[in-house]
>>> print(open('input.pdb').read())   # PDB, C-alpha atoms and all ligand atoms
ATOM      1  CA  MET A   1     112.444  97.691 116.531
ATOM      2  CA  SER A   2     113.168  95.186 113.802
ATOM      3  CA  LEU A   3     111.424  94.802 110.494
ATOM      4  CA  PRO A   4     109.248  91.786 109.723
ATOM      5  CA  GLN A   5     109.882  89.271 106.987
ATOM      6  CA  PHE A   6     108.374  90.785 103.823
ATOM      7  CA  PRO A   7     105.885  90.473 102.192
ATOM      8  CA  VAL A   8     103.331  91.567 104.777
ATOM      9  CA  GLU A   9      99.647  92.218 104.226
ATOM     10  CA  GLY A  10      96.873  94.540 105.226
ATOM     11  CA  GLY A  11      93.350  95.448 104.271
ATOM     12  CA  CYS A  12      90.070  97.129 105.039
ATOM     13  CA  GLN A  13      87.663  96.471 107.877
ATOM     14  CA  CYS A  14      85.183  94.307 105.898
ATOM     15  CA  GLY A  15      87.965  92.207 104.377
ATOM     16  CA  ALA A  16      87.075  92.862 100.723
ATOM     17  CA  VAL A  17      90.199  94.859  99.913
ATOM     18  CA  ARG A  18      93.521  93.203 100.654
ATOM     19  CA  TYR A  19      96.995  94.422  99.789
ATOM     20  CA  ARG A  20     100.520  93.127 100.013
ATOM     21  CA  LEU A  21     103.664  95.073 100.770
ATOM     22  CA  ARG A  22     106.646  93.382  99.102
ATOM     23  CA  ALA A  23     109.374  95.352 100.871
ATOM     24  CA  SER A  24     109.911  97.758 103.733
ATOM     25  CA  PRO A  25     108.160 101.100 103.480
ATOM     26  CA  LEU A  26     110.366 104.170 103.033
ATOM     27  CA  SER A  27     109.018 105.693 106.230
ATOM     28  CA  VAL A  28     106.160 105.738 108.711
ATOM     29  CA  TYR A  29     105.148 109.021 110.355
ATOM     30  CA  ASN A  30     102.130 110.775 111.837
ATOM     31  CA  CYS A  31     100.201 113.445 109.974
ATOM     32  CA  HIS A  32      98.347 116.003 112.079
ATOM     33  CA  CYS A  33      96.730 117.910 109.205
ATOM     34  CA  LYS A  34      93.050 118.802 109.451
ATOM     35  CA  ASP A  35      92.145 116.492 106.549
ATOM     36  CA  CYS A  36      93.745 113.490 108.275
ATOM     37  CA  GLN A  37      91.939 114.386 111.476
ATOM     38  CA  ARG A  38      88.615 114.435 109.641
ATOM     39  CA  PHE A  39      89.199 111.319 107.554
ATOM     40  CA  SER A  40      90.594 109.230 110.386
ATOM     41  CA  GLY A  41      88.261 110.602 113.045
ATOM     42  CA  ALA A  42      91.320 110.843 115.286
ATOM     43  CA  ALA A  43      93.922 113.435 116.249
ATOM     44  CA  TRP A  44      96.332 112.207 113.553
ATOM     45  CA  SER A  45      96.719 109.462 110.982
ATOM     46  CA  MET A  46      99.724 107.231 110.372
ATOM     47  CA  SER A  47     101.248 107.648 106.929
ATOM     48  CA  MET A  48     103.301 104.770 105.531
ATOM     49  CA  VAL A  49     105.183 105.714 102.366
ATOM     50  CA  VAL A  50     105.726 102.781  99.991
ATOM     51  CA  ARG A  51     107.153 102.531  96.493
ATOM     52  CA  ASP A  52     104.465 101.926  93.851
ATOM     53  CA  GLY A  53     106.305  98.775  92.791
ATOM     54  CA  ASP A  54     106.289  97.337  96.306
ATOM     55  CA  PHE A  55     102.518  97.675  96.705
ATOM     56  CA  GLU A  56     100.257  94.971  95.294
ATOM     57  CA  LEU A  57      96.477  95.080  95.428
ATOM     58  CA  LEU A  58      95.373  91.488  95.989
ATOM     59  CA  GLY A  59      91.643  91.920  95.596
ATOM     60  CA  GLY A  60      88.575  93.984  96.262
ATOM     61  CA  LYS A  61      87.008  96.996  94.659
ATOM     62  CA  THR A  62      88.160 100.468  95.604
ATOM     63  CA  GLU A  63      86.609 103.870  95.115
ATOM     64  CA  ARG A  64      88.511 107.107  94.740
ATOM     65  CA  TYR A  65      88.019 110.613  95.958
ATOM     66  CA  ASP A  66      90.083 113.379  94.407
ATOM     67  CA  ARG A  67      90.972 115.714  97.222
ATOM     68  CA  LYS A  68      92.279 119.163  96.404
ATOM     69  CA  ALA A  69      95.073 120.010  98.810
ATOM     70  CA  ASP A  70      95.850 123.553  99.971
ATOM     71  CA  SER A  71      98.850 123.455  97.632
ATOM     72  CA  GLY A  72      96.480 123.061  94.676
ATOM     73  CA  ASN A  73      97.674 119.496  94.082
ATOM     74  CA  VAL A  74      95.042 116.825  93.584
ATOM     75  CA  ILE A  75      95.604 113.827  95.839
ATOM     76  CA  VAL A  76      93.726 110.673  94.932
ATOM     77  CA  MET A  77      92.374 108.973  98.046
ATOM     78  CA  ASN A  78      91.411 105.289  97.800
ATOM     79  CA  PHE A  79      88.717 103.613  99.885
ATOM     80  CA  CYS A  80      87.111 100.180 100.023
ATOM     81  CA  ALA A  81      84.002 100.375  97.816
ATOM     82  CA  HIS A  82      82.033  98.383 100.369
ATOM     83  CA  CYS A  83      83.019  99.471 103.902
ATOM     84  CA  HIS A  84      84.637 102.792 102.797
ATOM     85  CA  ASN A  85      87.725 102.178 104.898
ATOM     86  CA  TRP A  86      90.389 104.747 103.935
ATOM     87  CA  LEU A  87      93.351 102.728 102.612
ATOM     88  CA  TRP A  88      95.903 104.802 100.725
ATOM     89  CA  ASN A  89      96.585 108.039  98.844
ATOM     90  CA  ASP A  90      98.272 108.529  95.492
ATOM     91  CA  PRO A  91     100.305 111.741  95.624
ATOM     92  CA  PRO A  92     100.731 113.495  92.250
ATOM     93  CA  VAL A  93     104.505 112.892  92.121
ATOM     94  CA  GLY A  94     107.172 110.488  93.300
ATOM     95  CA  ASN A  95     105.884 107.037  92.228
ATOM     96  CA  ILE A  96     104.829 106.351  95.785
ATOM     97  CA  LYS A  97     101.691 105.530  97.681
ATOM     98  CA  VAL A  98     100.920 106.807 101.148
ATOM     99  CA  VAL A  99      99.178 103.909 102.875
ATOM    100  CA  ARG A 100      97.271 104.286 106.153
ATOM    101  CA  ALA A 101      99.553 102.250 108.411
ATOM    102  CA  GLY A 102      96.652 101.319 110.680
ATOM    103  CA  THR A 103      95.328  99.031 107.929
ATOM    104  CA  LEU A 104      98.342  96.680 108.285
ATOM    105  CA  ASP A 105      97.458  93.300 109.783
ATOM    106  CA  ASP A 106     100.392  93.670 112.194
ATOM    107  CA  LEU A 107     101.332  97.150 113.382
ATOM    108  CA  ASP A 108     103.990  96.202 115.911
ATOM    109  CA  TRP A 109     106.939  96.975 113.658
ATOM    110  CA  ALA A 110     105.518 100.190 112.172
ATOM    111  CA  ALA A 111     106.442 102.729 114.843
ATOM    112  CA  PRO A 112     106.331 106.272 113.420
ATOM    113  CA  VAL A 113     109.640 108.187 113.224
ATOM    114  CA  GLY A 114     108.229 111.709 112.958
ATOM    115  CA  ASN A 115     105.328 114.084 112.625
ATOM    116  CA  ILE A 116     104.123 116.472 109.950
ATOM    117  CA  TRP A 117     101.680 119.377 110.140
ATOM    118  CA  THR A 118     102.398 119.815 113.853
ATOM    119  CA  ASP A 119     101.033 123.386 113.456
ATOM    120  CA  SER A 120      97.534 121.923 113.350
ATOM    121  CA  LYS A 121      97.983 119.202 115.967
ATOM    122  CA  ALA A 122      95.556 119.025 118.862
ATOM    123  CA  ALA A 123      96.835 121.068 121.822
ATOM    124  CA  TRP A 124      97.036 117.988 124.063
ATOM    125  CA  VAL A 125      99.156 115.938 121.644
ATOM    126  CA  GLU A 126     102.794 115.795 122.750
ATOM    127  CA  ILE A 127     105.421 115.735 120.031
ATOM    128  CA  ASP A 128     108.756 114.025 120.774
ATOM    129  CA  PRO A 129     111.385 116.684 119.929
ATOM    130  CA  GLY A 130     113.866 113.888 119.200
ATOM    131  CA  GLN A 131     111.870 112.800 116.161
ATOM    132  CA  VAL A 132     111.801 114.311 112.677
ATOM    133  CA  ASN A 133     109.069 116.922 112.863
ATOM    134  CA  PHE A 134     107.672 119.432 110.401
ATOM    135  CA  ALA A 135     105.409 122.364 111.283
ATOM    136  CA  LYS A 136     103.730 122.043 107.874
ATOM    137  CA  GLY A 137     103.933 119.390 105.162
ATOM    138  CA  ALA A 138     107.248 117.769 104.289
ATOM    139  CA  VAL A 139     108.097 119.158 100.854
ATOM    140  CA  ASP A 140     111.168 116.914 100.908
ATOM    141  CA  ARG A 141     110.587 113.643 102.767
ATOM    142  CA  THR A 142     114.299 112.691 102.829
ATOM    143  CA  PRO A 143     114.740 113.339 106.598
ATOM    144  CA  LEU A 144     111.734 111.096 107.290
ATOM    145  CA  PHE A 145     113.186 108.388 105.031
ATOM    146  CA  GLU A 146     116.581 108.634 106.760
ATOM    147  CA  ALA A 147     115.038 108.457 110.227
ATOM    148  CA  TRP A 148     113.227 105.278 109.182
ATOM    149  CA  THR A 149     116.303 103.618 107.683
ATOM    150  CA  ARG A 150     118.718 104.391 110.542
ATOM    151  CA  PRO A 151     117.376 102.114 113.318
ATOM    152  CA  HIS A 152     116.498  99.353 110.839
ATOM    153  CA  GLN A 153     120.034  98.858 109.552
ATOM    154  CA  ASP A 154     122.128  96.112 111.015
TER     155      ASP A 154
HETATM  156 ZN    ZN A 201      86.008  96.948 103.089
HETATM  157 ZN    ZN A 202      97.380 114.589 106.721
END
>>> encode(input="input.pdb", output="structure tokens")
Amino acid sequence: MSLPQFPVEGGCQCGAVRYRLRASPLSVYNCHCKDCQRFSGAAWSMSMVVRDGDFELLGGKTERYDRKADSGNVIVMNFCAHCHNWLWNDPPVGNIKVVRAGTLDDLDWAAPVGNIWTDSKAAWVEIDPGQVNFAKGAVDRTPLFEAWTRPHQD
């Protein structure tokens, strides 16, 4: 899998909110936590970790929801103010954004390299043991970053 020519773009369903990604994300992985299942309406959601400085909001109004995580941390979730498409989260630390990868215009290059919160995955979801997997959240995302970088170096 090779990376596209950056920048690339993405946005919400109604087209009001558009964003640009100036450089490769740090990683793409699946999250099987209960919150992601509820918010995505699916068995998991695809998390794409990007540096704050690589993410540019091109237009559109967003609304936020401050979600209290089990850890006690408050995670700011950002949605399109019009169609309410879930777009990205602002974690409390790290100068990163966690963008919903499914909002990219082109998903072909964004194959996930791992899974987190596999403890709460649906019973019928099969996890590839060769990927970087965490039973709970990834306190340190370094293994997920390394797994992303490895196949994209040449
Ligand atoms: Zn929208
Ligand atoms: Zn999640």
>>> residues_near_ligand(input="input.pdb", ligand="ligand ZN 202 (chain A)", cutoff="10 Å", atoms="all atoms listed in the file", output="MDAnalysis selection string")
chainID A and resid 30:40 44:47 69 115:117 120 136:137
>>> residues_near_point(input="input.pdb", point="(101.2, 104.3, 100.3)", cutoff="7 Å", atoms="all atoms listed in the file", output="list in words")
Met48, Val49, Val50, Trp88, Asn89, Ile96, Lys97, Val98 and Val99 of chain A
>>> closest_residue(input="input.pdb", among="A:Gly53, A:Trp109, A:Thr62, A:Gly94", to="Ala81 of chain A", atoms="all atoms listed in the file")
A:Thr62
>>> closest_residue(input="input.pdb", among="A:Tyr29, A:Phe55, A:Trp86, A:Tyr65", to="Val132 of chain A", atoms="only C-alpha atoms")
A:Tyr29
>>> residues_near_ligand(input="input.pdb", ligand="ligand ZN 201 (chain A)", cutoff="8 Å", atoms="all atoms listed in the file", output="list in words")
Gly11, Cys12, Gln13, Cys14, Gly15, Ala16, Val17, Gly60, Phe79, Cys80, Ala81, His82, Cys83, His84 and Asn85 of chain A
>>> atom_distance(input="input.pdb", atom1="atom CA of Thr118 of chain A", atom2="atom CA of Val139 of chain A")
14.2 Å
>>> residues_near_point(input="input.pdb", point="(108.3, 101.0, 103.0)", cutoff="8 Å", atoms="all atoms listed in the file", output="list in words")
Leu21, Ala23, Ser24, Pro25, Leu26, Ser27, Val28, Met48, Val49, Val50, Arg51 and Asp54 of chain A
>>> atom_distance(input="input.pdb", atom1="atom CA of Asp66 of chain A", atom2="atom CA of Asn78 of chain A")
8.9 Å
>>> atom_distance(input="input.pdb", atom1="atom CA of Ser2 of chain A", atom2="atom CA of Leu87 of chain A")
24.0 Å
>>> closest_residue(input="input.pdb", among="A:Val93, A:Val113, A:Ala101, A:Ala42", to="Leu144 of chain A", atoms="only C-alpha atoms")
A:Val113
